[in-house]
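Worksheet: the structure to be examined is printed underneath.
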Amino acid sequence: MIKLLLYTLSLLIFIIFVFAYLNLCRKFSLLSAKYHKTLKYLKALSQCVSSARWGNLQIRIENGPNAITEEISKSLNSFIESVLDRDKMILEYVEKEKENNNIKEDFIAMLTHDLKVPIIAQDNTLDLLLEGKFKELNPEQKDAIRNIKISNLDLRHLVESLLDSHKFEKKGFVPKIQDDINLRKFIDDTISQTNSIASLHNKIIRLYDRCEPDYKISTDIFLLKRVLQNLLLNAISYGINSQYIDITLENNDTQCIISVRDYGLGISKENIDKIFNKYYSAAELYSKASMGLGLYLSNKIIETLGGKIRVSSEENKGAEFSIILPAK
């Protein structure tokens with residue numbers, strides 16, 4: 001009887017253990033499923049946040065396995081939608097600003113183009129007056145006309161800079177490279193074309209040729225001349241401490257260097273890093289007329305030609321701008 005009772009008790013304990021084990025397995029299975037669902041949700045959540053961080057606002061997170069994760073999903077999706085709406089608003093604003101800027105730039109281009117014609121006509125008339133074509137002038141009258149001509153040339157330079165800036169912003173510079181250009185002859189021609197302006201300011205342009213004999217380059221001579229003349233005009237305007245402006249030519253196996261040096265006002269350390277910025281100009285410090293486009297355009301042109309412009313300067317000791325182009 002006792003054996004039977006013990007057997008029955010043992011059987012009952014075994015059955016209870018089996019049921020407890022099965023219930024534990026079921027709960028473990030449910031817990032494991034929830035764990036895997038939660039882990040899967042967290043991975044999806046991480047991917048969604050990472051994508052949004054890098055600018056992809058098209059991915060959304062599905063609701064999670066419980067009320068808390070469902071609330072997180074709703075909040076995150078709502079946040080991404082608000083960012084997307086704000087992004088669209090910003091893009092629309094930027095496009096409107098671009099359109100307004102294009103209208104302004106086109107208006108400026110048309111205005112400056114119309115201004116260029118009478119400026120050139122006035123310049124030609126001043127030349128005729130200085131040559132005595134209408135009537136011989138006395139020295140005081142010639143000096144007055146020369147001063148007018150200088151101001152007229154400054155104005156013409158400003159107008160041309162505005163037009164070139166508009167062309168660059170619209171289309172950029174497309175170089176027309178020519179081979180076997182004799183550097184010395186190119187520089188001589190450019191100096192010859194600039195000497196009339198230099199003489200009005202009582203300046204003398206000196207050339208120091210340290211290149212190999214008959215050294216040749218491959219470049220767009222129109223664009224390079226535009227840059228060189230701009231550097232010479234700046235040197236003429238700011239080189240107030242000396243009558244000389246020096247051009248130095250050098251070359252090595254990899255580079256051709258054209259340097260323009262004046263002995264005038266120079267550039268301060270705090271301004272030297274800004275001089276190639278669009279519309280930046282230190283001219284107002286010296287009562288000069290400038291819109292800060294000349295060096296900006298010159299830098300863009302030389303970059304288009306595969307080179308760079310290097311500048312070194314000290315205040316009241318002048319400045320040297322070096323055009324560095326790749327060797328042929």
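We name chains A, B, ... following the order of the structure tokens; residues begin at 1 in each chain, and ligands are numbered from 1 as shown.
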Spatial neighbours of Leu183 (chain A), max dist 7 Å, only C-alpha atoms, sep filter under 2 positions, as a JSON list (two decimals) with C-alpha atoms, in the first residue's frame:
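So the final result, stored in around-v4.json, reads:
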```json
[["chain", "number", "residue", "atom", "x", "y", "z"],
["A", 181, "ILE", "CA", 53.05, 80.03, -78.27],
["A", 185, "LYS", "CA", 56.54, 87.46, -77.78],
["A", 186, "PHE", "CA", 53.19, 87.02, -76.01],
["A", 187, "ILE", "CA", 54.42, 89.01, -73.02],
["A", 215, "TYR", "CA", 60.41, 79.08, -74.58],
["A", 216, "LYS", "CA", 56.92, 78.00, -75.75],
["A", 217, "ILE", "CA", 53.69, 77.31, -73.90]]
```
### Task
Run DSSP on the backbone and grab whatever in region 34-242 of chain A lands in helix (DSSP H, G or I); send it over as a PyMOL selection string.
chain A and resi 34-53+67-130+139-171+183-200+221-238
### Query
Counting only C-alpha atoms, what is within 9 Å of Leu76 (chain A), bar same-chain residues fewer than 3 positions away, as a count of residues only?
11
### Message
Give me, as an NGL selection string, all polymer residues having an atom no more than 8 Å from Ile257 (chain A), counting only C-alpha atoms and skipping those fewer than 5 positions away in the same chain.
### Response
:A and (248-251 or 322-325)
### Task
Return as JSON, numbers by chain the full set of residues in region 10-240 of chain A whose backbone-based DSSP assignment is strand (DSSP E).
{"A": [178, 179, 180, 181, 182, 204, 205, 206, 207, 208, 209, 216, 217, 218, 219]}
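Distances to Gly239 (chain A) were evaluated for A:Gly318, A:Gly307, A:Pro213, A:Gly55 using only C-alpha atoms, and the minimum falls at A:Gly318.
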### Message
Which residues are close to region 138-150 of chain A, i.e. within 10 Å by only C-alpha atoms, leaving aside same-chain residues fewer than 3 positions away? Reply as an MDAnalysis selection string.
### Response
chainID A and resid 122:127 129:132 135 153:156 197:198 200:201
Selection above as a file: C-alpha atoms, as a PDB file, in the first residue's frame:
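The resulting out_10.pdb:
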```
ATOM      1  CA  GLN A 122      34.092 108.529 -75.086  1.00  0.00           C
ATOM      2  CA  ASP A 123      37.550 106.954 -74.839  1.00  0.00           C
ATOM      3  CA  ASN A 124      38.061 107.321 -78.583  1.00  0.00           C
ATOM      4  CA  THR A 125      36.960 110.957 -78.416  1.00  0.00           C
ATOM      5  CA  LEU A 126      39.454 111.646 -75.628  1.00  0.00           C
ATOM      6  CA  ASP A 127      42.225 110.136 -77.752  1.00  0.00           C
ATOM      7  CA  LEU A 129      41.373 115.456 -78.321  1.00  0.00           C
ATOM      8  CA  LEU A 130      44.821 114.499 -77.001  1.00  0.00           C
ATOM      9  CA  GLU A 131      46.065 114.082 -80.583  1.00  0.00           C
ATOM     10  CA  GLY A 132      44.887 117.627 -81.411  1.00  0.00           C
ATOM     11  CA  LYS A 135      42.208 121.931 -81.849  1.00  0.00           C
ATOM     12  CA  LEU A 153      39.589 103.421 -68.379  1.00  0.00           C
ATOM     13  CA  ASP A 154      38.804 102.448 -64.778  1.00  0.00           C
ATOM     14  CA  LEU A 155      35.090 102.565 -65.561  1.00  0.00           C
ATOM     15  CA  ARG A 156      35.590 100.481 -68.696  1.00  0.00           C
ATOM     16  CA  ILE A 197      47.679 103.060 -69.759  1.00  0.00           C
ATOM     17  CA  ALA A 198      50.931 102.777 -67.798  1.00  0.00           C
ATOM     18  CA  LEU A 200      49.113 107.862 -68.222  1.00  0.00           C
ATOM     19  CA  HIS A 201      50.071 106.925 -64.652  1.00  0.00           C
TER      20      HIS A 201
END
```
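Here CA of Lys274 (chain A) stands at a distance of 26.0 Å from CA of Tyr244 (chain A).
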### Message
Please report the interatomic distance between CA of Gly294 (chain A) and CA of Ala235 (chain A) in Å with one decimal.
### Response
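Calculated distance between CA of Gly294 (chain A) and CA of Ala235 (chain A) is 12.2 Å.
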### Task
Just give me the gap between CA of Lys43 (chain A) and CA of Ser82 (chain A) in Å, one decimal is fine.
22.8 Å
